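Source file: query_29.cif; contents: mmCIF, C-alpha atoms (C1' of nucleotides).
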data_query
loop_
_atom_site.label_atom_id
_atom_site.label_comp_id
_atom_site.auth_asym_id
_atom_site.auth_seq_id
_atom_site.Cartn_x
_atom_site.Cartn_y
_atom_site.Cartn_z
CA MET H 1 0.00 0.00 0.00
CA THR H 2 1.29 3.40 -0.97
CA GLN H 3 4.88 2.27 -0.72
CA CYS H 4 7.69 4.61 -1.43
CA GLU H 5 11.34 3.81 -1.65
CA ASP H 6 12.57 6.95 0.00
CA HIS H 7 10.02 8.65 2.13
CA GLU H 8 11.96 11.90 2.49
CA GLU H 9 12.03 12.17 -1.24
CA CYS H 10 8.38 11.26 -1.50
CA ILE H 11 7.50 14.10 0.87
CA SER H 12 9.65 16.69 -0.85
CA THR H 13 8.34 15.65 -4.24
CA ALA H 14 4.80 16.27 -3.05
CA ILE H 15 5.72 19.66 -1.63
CA GLU H 16 7.56 20.72 -4.75
CA ARG H 17 4.69 19.61 -6.91
CA ALA H 18 2.29 21.68 -4.83
CA ASP H 19 4.68 24.60 -4.93
CA ARG H 20 4.80 24.45 -8.70
CA ILE H 21 1.05 24.18 -9.10
CA CYS H 22 0.43 27.05 -6.70
CA PHE H 23 2.89 29.20 -8.59
CA GLN H 24 1.18 28.41 -11.88
CA LYS H 25 -2.28 29.06 -10.48
CA GLN H 26 -1.18 32.09 -8.48
CA LEU H 27 -2.26 30.49 -5.23
CA LYS H 28 -0.63 31.54 -1.98
CA PHE H 29 1.27 28.51 -0.73
CA THR H 30 2.10 30.04 2.63
CA ASP H 31 4.51 28.53 5.17
CA LEU H 32 1.57 27.40 7.24
CA ARG H 33 -0.12 25.62 4.37
CA LYS H 34 3.15 24.09 3.31
CA GLU H 35 3.82 22.88 6.84
CA ILE H 36 0.42 21.21 7.10
CA LEU H 37 0.88 19.53 3.74
CA ARG H 38 4.32 18.35 4.87
CA LEU H 39 2.90 16.94 8.12
CA ILE H 40 0.23 15.08 6.19
CA TRP H 41 2.78 13.55 3.84
CA GLU H 42 5.13 12.72 6.71
CA GLY H 43 2.46 10.51 8.22
CA HIS H 44 1.95 8.93 4.81
CA GLY H 45 -1.44 7.72 5.80
CA PRO H 46 -4.67 9.29 6.91
CA GLN H 47 -3.91 12.03 9.41
CA LYS H 48 -6.39 13.37 11.95
CA ALA H 49 -6.85 17.13 12.24
CA TYR H 50 -6.03 17.27 15.94
CA ASP H 51 -2.93 15.11 15.52
CA LEU H 52 -1.78 17.57 12.89
CA LEU H 53 -2.54 20.37 15.35
CA ASN H 54 -0.40 18.71 18.01
CA LYS H 55 2.48 18.31 15.61
CA LEU H 56 2.11 21.83 14.32
CA GLN H 57 2.22 23.18 17.86
CA LYS H 58 5.76 21.85 18.24
CA THR H 59 6.96 24.54 15.86
CA ASN H 60 4.05 26.90 16.24
CA PRO H 61 2.84 26.75 19.85
CA SER H 62 0.02 29.20 19.38
CA ALA H 63 -1.69 27.17 16.64
CA LYS H 64 -5.41 26.58 17.15
CA PRO H 65 -7.95 24.25 15.53
CA ALA H 66 -8.96 26.95 13.09
CA THR H 67 -5.33 27.28 12.03
CA VAL H 68 -5.31 23.68 10.92
CA TYR H 69 -8.79 23.55 9.44
CA ARG H 70 -8.19 26.65 7.35
CA ALA H 71 -5.05 25.16 5.88
CA LEU H 72 -6.86 21.88 5.28
CA ASP H 73 -9.66 23.71 3.48
CA PHE H 74 -7.16 25.34 1.17
CA LEU H 75 -5.38 22.07 0.46
CA ILE H 76 -8.62 20.21 -0.22
CA LYS H 77 -10.08 22.95 -2.37
CA ASN H 78 -7.02 22.93 -4.57
CA GLY H 79 -6.71 19.17 -4.79
CA PHE H 80 -3.52 18.61 -2.79
CA ILE H 81 -5.20 16.44 -0.20
CA HIS H 82 -8.43 14.53 0.21
CA LYS H 83 -10.71 14.18 3.17
CA VAL H 84 -11.44 10.59 4.07
CA ALA H 85 -15.00 10.92 5.32
CA SER H 86 -15.27 7.47 6.85
CA LEU H 87 -12.24 8.15 9.04
CA ASN H 88 -12.53 11.88 9.62
CA ALA H 89 -8.97 12.09 8.39
CA PHE H 90 -6.93 13.67 5.65
CA VAL H 91 -4.55 12.16 3.15
CA GLY H 92 -2.18 13.56 0.55
CA CYS H 93 -3.22 13.31 -3.08
CA SER H 94 -0.68 11.43 -5.18
CA HIS H 95 -1.62 13.12 -8.40
CA PRO H 96 -3.23 16.50 -8.05
CA LEU H 97 -4.62 17.94 -11.30
CA LYS H 98 -4.87 14.51 -12.89
CA HIS H 99 -8.48 13.81 -12.03
CA LYS H 100 -11.39 14.98 -9.97
CA GLU H 101 -12.53 11.71 -8.51
CA CYS H 102 -10.40 9.63 -6.21
CA TYR H 103 -11.23 6.27 -4.72
CA PHE H 104 -9.55 4.79 -1.71
CA LEU H 105 -8.55 1.38 -0.47
CA ILE H 106 -8.13 1.64 3.29
CA CYS H 107 -6.39 -1.15 5.18
CA ASP H 108 -7.90 -1.62 8.64
CA ASP H 109 -4.68 -3.26 9.83
CA CYS H 110 -1.79 -1.14 8.63
CA LYS H 111 -3.96 1.98 8.19
CA ASN H 112 -2.42 2.67 4.83
CA ILE H 113 -4.49 4.16 2.11
CA SER H 114 -4.00 3.82 -1.60
CA GLU H 115 -5.75 5.79 -4.23
CA CYS H 116 -7.33 3.53 -6.79
CA CYS H 117 -8.71 5.59 -9.60
CA ASP H 118 -10.14 3.01 -11.92
CA PRO H 119 -11.88 4.40 -15.00
CA ASN H 120 -14.18 1.38 -15.01
CA ILE H 121 -15.57 2.41 -11.66
CA THR H 122 -15.96 5.96 -12.85
CA ALA H 123 -17.81 4.69 -15.93
CA ALA H 124 -20.08 2.45 -13.88
CA ILE H 125 -20.90 5.32 -11.54
CA GLN H 126 -21.58 7.66 -14.42
CA ALA H 127 -23.89 5.15 -16.05
CA THR H 128 -25.83 4.79 -12.83
CA THR H 129 -26.12 8.49 -12.11
CA ALA H 130 -27.21 9.09 -15.71
CA GLN H 131 -29.82 6.38 -15.40
CA ASN H 132 -31.11 8.01 -12.21
CA GLU H 133 -31.04 11.43 -13.89
CA PHE H 134 -28.74 12.64 -11.20
CA SER H 135 -26.17 15.33 -11.74
CA ALA H 136 -23.16 14.27 -9.68
CA LYS H 137 -20.87 16.86 -8.20
CA ASN H 138 -18.76 14.88 -5.81
CA THR H 139 -18.07 11.20 -5.26
CA THR H 140 -16.88 9.61 -2.06
CA LEU H 141 -15.74 6.02 -2.52
CA GLU H 142 -13.92 4.49 0.38
CA ILE H 143 -13.31 0.78 0.56
CA SER H 144 -12.06 -0.59 3.84
CA GLY H 145 -10.62 -4.06 4.36
CA HIS H 146 -7.22 -5.68 4.37
CA CYS H 147 -4.33 -5.11 2.02
CA ASN H 148 -2.33 -7.93 0.56
CA GLU H 149 0.70 -7.38 2.78
CA CYS H 150 -1.38 -7.58 5.93
CA LEU H 151 -3.27 -10.64 4.69
CA LYS H 152 0.03 -12.44 4.06
CA GLN H 153 1.19 -11.82 7.59
CA ILE H 154 -1.68 -13.64 9.20
CA MET L 1 -35.69 10.93 -4.95
CA THR L 2 -37.00 8.35 -2.55
CA GLN L 3 -40.58 9.29 -3.23
CA CYS L 4 -43.39 7.58 -1.49
CA GLU L 5 -47.05 8.00 -2.11
CA ASP L 6 -48.15 7.76 1.48
CA HIS L 7 -45.45 8.55 3.94
CA GLU L 8 -47.30 7.19 6.97
CA GLU L 9 -47.56 3.89 5.19
CA CYS L 10 -43.96 4.04 4.13
CA ILE L 11 -42.88 4.48 7.75
CA SER L 12 -45.08 1.74 9.11
CA THR L 13 -43.97 -0.62 6.36
CA ALA L 14 -40.35 -0.07 7.36
CA ILE L 15 -41.14 -0.66 11.02
CA GLU L 16 -43.12 -3.80 10.32
CA ARG L 17 -40.38 -5.13 8.09
CA ALA L 18 -37.84 -4.57 10.85
CA ASP L 19 -40.18 -6.13 13.37
CA ARG L 20 -40.51 -9.23 11.25
CA ILE L 21 -36.79 -9.55 10.64
CA CYS L 22 -35.99 -9.09 14.32
CA PHE L 23 -38.51 -11.74 15.22
CA GLN L 24 -37.01 -14.16 12.72
CA LYS L 25 -33.48 -13.45 13.86
CA GLN L 26 -34.41 -13.34 17.55
CA LEU L 27 -33.19 -9.78 17.89
CA LYS L 28 -34.63 -7.54 20.55
CA PHE L 29 -36.51 -4.80 18.78
CA THR L 30 -37.16 -2.75 21.90
CA ASP L 31 -39.42 0.28 22.08
CA LEU L 32 -36.39 2.53 22.11
CA ARG L 33 -34.87 1.01 18.99
CA LYS L 34 -38.23 1.04 17.27
CA GLU L 35 -38.73 4.69 18.17
CA ILE L 36 -35.34 5.68 16.76
CA LEU L 37 -36.03 3.76 13.57
CA ARG L 38 -39.41 5.46 13.32
CA LEU L 39 -37.86 8.91 13.83
CA ILE L 40 -35.32 8.18 11.10
CA TRP L 41 -38.01 7.12 8.66
CA GLU L 42 -40.23 10.05 9.59
CA GLY L 43 -37.52 12.41 8.42
CA HIS L 44 -37.23 10.38 5.24
CA GLY L 45 -33.79 11.78 4.65
CA PRO L 46 -30.49 11.70 6.40
CA GLN L 47 -31.04 12.36 10.10
CA LYS L 48 -28.41 13.69 12.47
CA ALA L 49 -27.87 11.93 15.77
CA TYR L 50 -28.50 14.99 17.91
CA ASP L 51 -31.64 15.90 15.99
CA LEU L 52 -32.90 12.41 16.71
CA LEU L 53 -31.96 12.96 20.34
CA ASN L 54 -34.00 16.17 20.48
CA LYS L 55 -37.01 14.46 18.96
CA LEU L 56 -36.63 11.47 21.22
CA GLN L 57 -36.53 13.71 24.28
CA LYS L 58 -40.08 14.88 23.53
CA THR L 59 -41.36 11.48 24.54
CA ASN L 60 -38.40 10.41 26.62
CA PRO L 61 -37.01 13.48 28.39
CA SER L 62 -34.17 11.64 30.05
CA ALA L 63 -32.62 10.40 26.81
CA LYS L 64 -28.90 11.02 26.45
CA PRO L 65 -26.50 10.83 23.50
CA ALA L 66 -25.54 7.28 24.43
CA THR L 67 -29.21 6.35 24.29
CA VAL L 68 -29.38 7.35 20.66
CA TYR L 69 -25.99 6.05 19.61
CA ARG L 70 -26.64 2.63 21.12
CA ALA L 71 -29.88 2.33 19.22
CA LEU L 72 -28.17 3.52 16.04
CA ASP L 73 -25.42 0.91 16.53
CA PHE L 74 -28.02 -1.81 16.76
CA LEU L 75 -29.89 -0.59 13.70
CA ILE L 76 -26.72 -0.30 11.62
CA LYS L 77 -25.33 -3.64 12.72
CA ASN L 78 -28.50 -5.36 11.67
CA GLY L 79 -28.88 -3.53 8.39
CA PHE L 80 -31.97 -1.43 9.13
CA ILE L 81 -30.20 1.85 8.61
CA HIS L 82 -26.97 3.12 7.08
CA LYS L 83 -24.57 5.72 8.27
CA VAL L 84 -23.86 8.38 5.67
CA ALA L 85 -20.23 9.16 6.44
CA SER L 86 -19.97 12.28 4.34
CA LEU L 87 -22.86 13.86 6.24
CA ASN L 88 -22.46 12.33 9.68
CA ALA L 89 -26.05 11.31 9.37
CA PHE L 90 -28.22 8.21 9.32
CA VAL L 91 -30.75 7.00 6.82
CA GLY L 92 -33.22 4.12 6.72
CA CYS L 93 -32.38 1.17 4.52
CA SER L 94 -35.06 0.50 1.93
CA HIS L 95 -34.30 -3.15 1.59
CA PRO L 96 -32.58 -4.72 4.58
CA LEU L 97 -31.32 -8.27 4.02
CA LYS L 98 -31.19 -7.81 0.24
CA HIS L 99 -27.55 -6.83 -0.04
CA LYS L 100 -24.52 -5.79 1.91
CA GLU L 101 -23.37 -2.84 -0.15
CA CYS L 102 -25.43 0.27 -0.55
CA TYR L 103 -24.60 3.29 -2.64
CA PHE L 104 -26.19 6.68 -2.21
CA LEU L 105 -27.21 9.58 -4.37
CA ILE L 106 -27.43 12.62 -2.15
CA CYS L 107 -29.13 15.78 -3.40
CA ASP L 108 -27.47 18.90 -2.03
CA ASP L 109 -30.65 20.87 -2.61
CA CYS L 110 -33.53 18.83 -1.30
CA LYS L 111 -31.33 16.72 0.97
CA ASN L 112 -33.02 13.56 -0.17
CA ILE L 113 -31.04 10.39 -0.46
CA SER L 114 -31.75 7.47 -2.70
CA GLU L 115 -30.08 4.13 -2.53
CA CYS L 116 -28.70 3.13 -5.87
CA CYS L 117 -27.41 -0.39 -5.69
CA ASP L 118 -26.15 -1.01 -9.16
CA PRO L 119 -24.55 -4.42 -9.73
CA ASN L 120 -22.31 -2.88 -12.38
CA ILE L 121 -20.73 -0.63 -9.80
CA THR L 122 -20.31 -3.55 -7.46
CA ALA L 123 -18.65 -5.53 -10.24
CA ALA L 124 -16.33 -2.66 -11.16
CA ILE L 125 -15.33 -2.23 -7.54
CA GLN L 126 -14.73 -5.94 -7.13
CA ALA L 127 -12.58 -6.03 -10.24
CA THR L 128 -10.49 -3.16 -8.92
CA THR L 129 -10.05 -4.56 -5.44
CA ALA L 130 -9.11 -7.94 -6.92
CA GLN L 131 -6.58 -6.30 -9.17
CA ASN L 132 -5.09 -4.52 -6.17
CA GLU L 133 -5.14 -7.75 -4.18
CA PHE L 134 -7.26 -6.06 -1.60
CA SER L 135 -9.78 -7.89 0.52
CA ALA L 136 -12.71 -5.51 0.87
CA LYS L 137 -14.87 -5.59 3.97
CA ASN L 138 -16.90 -2.45 3.67
CA THR L 139 -17.66 0.00 0.90
CA THR L 140 -18.75 3.58 1.31
CA LEU L 141 -19.99 5.14 -1.91
CA GLU L 142 -21.72 8.47 -1.56
CA ILE L 143 -22.42 10.63 -4.57
CA SER L 144 -23.55 14.17 -3.92
CA GLY L 145 -25.02 16.49 -6.48
CA HIS L 146 -28.46 17.48 -7.67
CA CYS L 147 -31.44 15.28 -8.33
CA ASN L 148 -33.59 15.63 -11.39
CA GLU L 149 -36.50 17.29 -9.57
CA CYS L 150 -34.26 19.99 -8.19
CA LEU L 151 -32.53 20.54 -11.52
CA LYS L 152 -35.90 21.05 -13.19
CA GLN L 153 -36.87 23.74 -10.73
CA ILE L 154 -33.97 25.99 -11.58
"C1'" DT O 1 1.55 59.09 -1.83
"C1'" DT O 2 -2.35 57.49 0.76
"C1'" DA O 3 -6.51 54.74 1.44
"C1'" DT O 4 -8.79 50.83 0.91
"C1'" DG O 5 -10.00 46.30 0.38
"C1'" DG O 6 -9.25 41.41 0.41
"C1'" DG O 7 -6.77 37.39 1.87
"C1'" DG O 8 -4.42 35.19 5.43
"C1'" DT O 9 -3.75 34.60 10.26
"C1'" DG O 10 -4.34 35.02 15.66
"C1'" DT O 11 -7.39 34.14 19.22
"C1'" DG O 12 -11.21 32.88 22.19
"C1'" DA O 13 -15.38 30.93 22.40
"C1'" DT O 14 -18.60 27.59 21.21
"C1'" DA O 15 -21.04 24.11 18.41
"C1'" DT O 16 -21.37 19.40 16.91
"C1'" DT O 17 -20.46 14.60 17.05
"C1'" DG O 18 -19.28 10.55 19.52
"C1'" DT O 19 -17.42 7.39 23.64
"C1'" DA O 20 -16.13 5.60 28.20
"C1'" DA O 21 -17.29 3.99 32.43
"C1'" DC O 22 -20.15 2.32 35.80
"C1'" DG O 23 -24.37 1.25 38.01
"C1'" DT O 24 -29.26 -0.53 37.56
"C1'" DT O 25 -32.84 -3.16 35.66
"C1'" DG O 26 -34.87 -6.86 33.38
"C1'" DT O 27 -34.89 -11.19 30.97
"C1'" DT O 28 -33.53 -15.77 30.36
"C1'" DG O 29 -31.42 -20.21 30.49
"C1'" DG O 30 -29.58 -23.59 33.79
"C1'" DC J 1 -34.36 -19.56 42.17
"C1'" DC J 2 -30.18 -17.29 40.58
"C1'" DA J 3 -26.19 -16.36 37.69
"C1'" DA J 4 -25.19 -14.19 33.55
"C1'" DC J 5 -25.90 -11.21 30.11
"C1'" DA J 6 -28.17 -7.65 27.37
"C1'" DA J 7 -30.38 -3.29 27.50
"C1'" DC J 8 -30.67 0.95 29.49
"C1'" DG J 9 -29.80 5.25 32.73
"C1'" DT J 10 -26.57 8.55 33.86
"C1'" DT J 11 -22.46 11.31 34.23
"C1'" DA J 12 -18.65 12.77 32.40
"C1'" DC J 13 -15.69 13.64 28.79
"C1'" DA J 14 -13.23 13.13 24.26
"C1'" DA J 15 -12.92 14.21 19.50
"C1'" DT J 16 -14.19 16.91 15.61
"C1'" DA J 17 -15.34 21.29 13.64
"C1'" DT J 18 -17.02 26.17 13.12
"C1'" DC J 19 -17.84 31.13 14.18
"C1'" DA J 20 -16.77 35.77 15.08
"C1'" DC J 21 -13.88 39.41 15.47
"C1'" DA J 22 -9.42 41.62 15.45
"C1'" DC J 23 -5.18 42.35 13.19
"C1'" DC J 24 -1.68 42.46 9.64
"C1'" DC J 25 0.14 42.48 5.13
"C1'" DC J 26 0.30 43.95 0.73
"C1'" DA J 27 -1.49 44.88 -3.95
"C1'" DT J 28 -3.79 48.18 -6.34
"C1'" DA J 29 -6.41 52.24 -7.47
"C1'" DA J 30 -7.34 57.05 -6.51
#
Representation of the structure as structure tokens:
Amino acid sequence: MTQCEDHEECISTAIERADRICFQKQLKFTDLRKEILRLIWEGHGPQKAYDLLNKLQKTNPSAKPATVYRALDFLIKNGFIHKVASLNAFVGCSHPLKHKECYFLICDDCKNISECCDPNITAAIQATTAQNEFSAKNTTLEISGHCNECLKQI
Amino acid sequence: MTQCEDHEECISTAIERADRICFQKQLKFTDLRKEILRLIWEGHGPQKAYDLLNKLQKTNPSAKPATVYRALDFLIKNGFIHKVASLNAFVGCSHPLKHKECYFLICDDCKNISECCDPNITAAIQATTAQNEFSAKNTTLEISGHCNECLKQI
DNA sequence: TTATGGGGTGTGATATTGTAACGTTGTTGG
DNA sequence: CCAACAACGTTACAATATCACACCCCATAA
């Protein structure tokens, strides 16, 4: 699940990517927003808002819930992270800009999340919404269970 | 979305169905659980836990959050309702026993929810999880947008 | 140059959602 | 009957999230 060979590199790649996109789109990628994005990628799994707050307070003791939630709002709105509704947690997006819809495989054991963005699923969902004459704006697809690595270890 | 010709009948049908299933499965469908299920169906849309608590307190002034959440746990566990993760709300299941997975179309305007349980989506999801060697336990698929009725009214 | 307006942040308060823990009651099988 | 367990009552609290208002910075127009 969401392996990376060199996690430091994986984090900095994500930050640089965001930096680039923000520059192109003229978005303000402030230190605070960058720090929150970094903390999310450091965890490399779904991160809870208040855990992020605790970590942020190590370098920024006066941080408050709103501090974190505002940064999260920015990051979500611009596609750098996703909210995982079934966990009330937040996870870095591996490919911002690439697509609107993201689906997740969530391992209950190792807590890792992988984005699985299958076009077949998207097509099936579109067919169903069309059939129901429903105009979809946002899709939340979160599949929990056990990843292959964890299954092997049993 | 989730229309019903006679809402009183629709509620009582749901209650009777649950009653029957509980009898068959030897589950204790207590007054409290029945009342919560009734309140959920009365709303005929996603109901928030604390709204249910307020309504419950009209007939049961000493009800507490735990009172509601315990009843909700029972109803979810036995398939009579679903939790809508993206809304932190609860909605009655139109066909308990029929299937494990339920997908939702959620109208942002009229707040109605309809279950859309398309086998094609299920198949697409299964194909993807298989391909990722992931053993799925639970699937949350919640599609928000606008239903046809609301689109027409614009 | 100033003013002015919007975005981002600081800060305190509060709202909303959900659980833990422990005691009591009531049912039920042995 | 009574031991055991499920359901419920009750208190407290934990976890998640938002609001409101003040302040600062800085880009831009007057």
Would you mind listing, as a JSON list (two decimals) with C-alpha atoms, in the coordinates of the input, all residues of chain L that have at least one atom within 9 Å of chain O, where all atoms listed in the file are what counts?
[["chain", "number", "residue", "atom", "x", "y", "z"],
["L", 49, "ALA", "CA", -27.87, 11.93, 15.77],
["L", 50, "TYR", "CA", -28.50, 14.99, 17.91],
["L", 65, "PRO", "CA", -26.50, 10.83, 23.50],
["L", 66, "ALA", "CA", -25.54, 7.28, 24.43],
["L", 69, "TYR", "CA", -25.99, 6.05, 19.61],
["L", 88, "ASN", "CA", -22.46, 12.33, 9.68]]
### Query
From the set L:Arg38, L:Lys48, L:Arg17, L:Arg70, which residue has the shortest atom-to-atom contact distance to chain J, counting all atoms listed in the file?
L:Arg70
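Evaluating the PyMOL selection byres ((chain J) within 9 of (chain H)) against the shown model yields DA15, DT16, DA17 and DT18 of chain J.
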### Task
Provide the atom CA of L:Leu32 to atom CA of L:Cys10 distance in Å, to one decimal place.
19.6 Å
### Task
Report as a ChimeraX atom specification the set of chain H residues whose atoms approach chain L to within 7 Å, with distances computed over all atoms listed in the file.
/H:85-86,118,120-121,124-125,128,133-148
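Least-squares superposition of chain H onto chain L, taking every C-alpha atom paired in order, leaves an RMSD of 0.1 Å.
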### Query
Evaluating the PyMOL selection byres ((chain J and resi 2-8) around 8) on the displayed file yields which residues, as a ChimeraX atom specification?
/L:67 /O:25 /J:1,9
### Task
Return as a PyMOL selection string the set of residues that the PyMOL selection byres ((chain H and resi 75) around 12) yields on the displayed structure.
chain H and resi 15+18-19+21-22+27-30+32-38+40+68-74+76-83+90-93+96
Could you write stretch 20-38 of chain H as a short mmCIF file (atom, residue, chain, number, x, y, z; two decimals), keeping the file's coordinate frame, with N, CA, C and O atoms rebuilt where they are missing?
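Below is the file that was written, result-v8.cif:
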data_model
loop_
_atom_site.label_atom_id
_atom_site.label_comp_id
_atom_site.auth_asym_id
_atom_site.auth_seq_id
_atom_site.Cartn_x
_atom_site.Cartn_y
_atom_site.Cartn_z
N ARG H 20 4.85 24.15 -7.29
CA ARG H 20 4.80 24.45 -8.70
C ARG H 20 3.37 24.80 -9.14
O ARG H 20 3.12 25.80 -9.82
N ILE H 21 2.44 23.96 -8.71
CA ILE H 21 1.05 24.18 -9.10
C ILE H 21 0.53 25.50 -8.54
O ILE H 21 -0.15 26.25 -9.24
N CYS H 22 0.88 25.79 -7.30
CA CYS H 22 0.43 27.05 -6.70
C CYS H 22 1.01 28.24 -7.45
O CYS H 22 0.32 29.24 -7.67
N PHE H 23 2.26 28.11 -7.84
CA PHE H 23 2.89 29.20 -8.59
C PHE H 23 2.14 29.43 -9.91
O PHE H 23 1.77 30.55 -10.24
N GLN H 24 1.88 28.31 -10.60
CA GLN H 24 1.18 28.41 -11.88
C GLN H 24 -0.21 29.01 -11.73
O GLN H 24 -0.66 29.79 -12.56
N LYS H 25 -0.89 28.61 -10.67
CA LYS H 25 -2.28 29.06 -10.48
C LYS H 25 -2.36 30.33 -9.66
O LYS H 25 -3.46 30.75 -9.29
N GLN H 26 -1.22 30.87 -9.28
CA GLN H 26 -1.18 32.09 -8.48
C GLN H 26 -1.89 31.92 -7.14
O GLN H 26 -2.59 32.81 -6.69
N LEU H 27 -1.70 30.74 -6.56
CA LEU H 27 -2.26 30.49 -5.23
C LEU H 27 -1.19 30.78 -4.20
O LEU H 27 0.00 30.62 -4.47
N LYS H 28 -1.62 31.19 -3.02
CA LYS H 28 -0.63 31.54 -1.98
C LYS H 28 -0.29 30.31 -1.14
O LYS H 28 -1.02 29.93 -0.23
N PHE H 29 0.83 29.71 -1.46
CA PHE H 29 1.27 28.51 -0.73
C PHE H 29 2.12 28.97 0.46
O PHE H 29 3.34 28.88 0.44
N THR H 30 1.41 29.45 1.47
CA THR H 30 2.10 30.04 2.63
C THR H 30 2.86 28.99 3.43
O THR H 30 2.64 27.78 3.26
N ASP H 31 3.74 29.44 4.33
CA ASP H 31 4.51 28.53 5.17
C ASP H 31 3.59 27.60 5.95
O ASP H 31 3.86 26.41 6.10
N LEU H 32 2.52 28.17 6.45
CA LEU H 32 1.57 27.40 7.24
C LEU H 32 0.96 26.28 6.42
O LEU H 32 0.92 25.11 6.83
N ARG H 33 0.51 26.61 5.24
CA ARG H 33 -0.12 25.62 4.37
C ARG H 33 0.88 24.56 3.95
O ARG H 33 0.57 23.37 3.88
N LYS H 34 2.09 25.01 3.71
CA LYS H 34 3.15 24.09 3.31
C LYS H 34 3.47 23.13 4.45
O LYS H 34 3.64 21.93 4.25
N GLU H 35 3.51 23.69 5.66
CA GLU H 35 3.82 22.88 6.84
C GLU H 35 2.75 21.80 7.07
O GLU H 35 3.07 20.64 7.34
N ILE H 36 1.50 22.19 6.92
CA ILE H 36 0.42 21.21 7.10
C ILE H 36 0.50 20.13 6.03
O ILE H 36 0.37 18.94 6.32
N LEU H 37 0.76 20.53 4.81
CA LEU H 37 0.88 19.53 3.74
C LEU H 37 2.05 18.59 4.04
O LEU H 37 1.95 17.37 3.87
N ARG H 38 3.16 19.16 4.53
CA ARG H 38 4.32 18.35 4.87
C ARG H 38 3.98 17.35 6.00
O ARG H 38 4.30 16.16 5.91
#
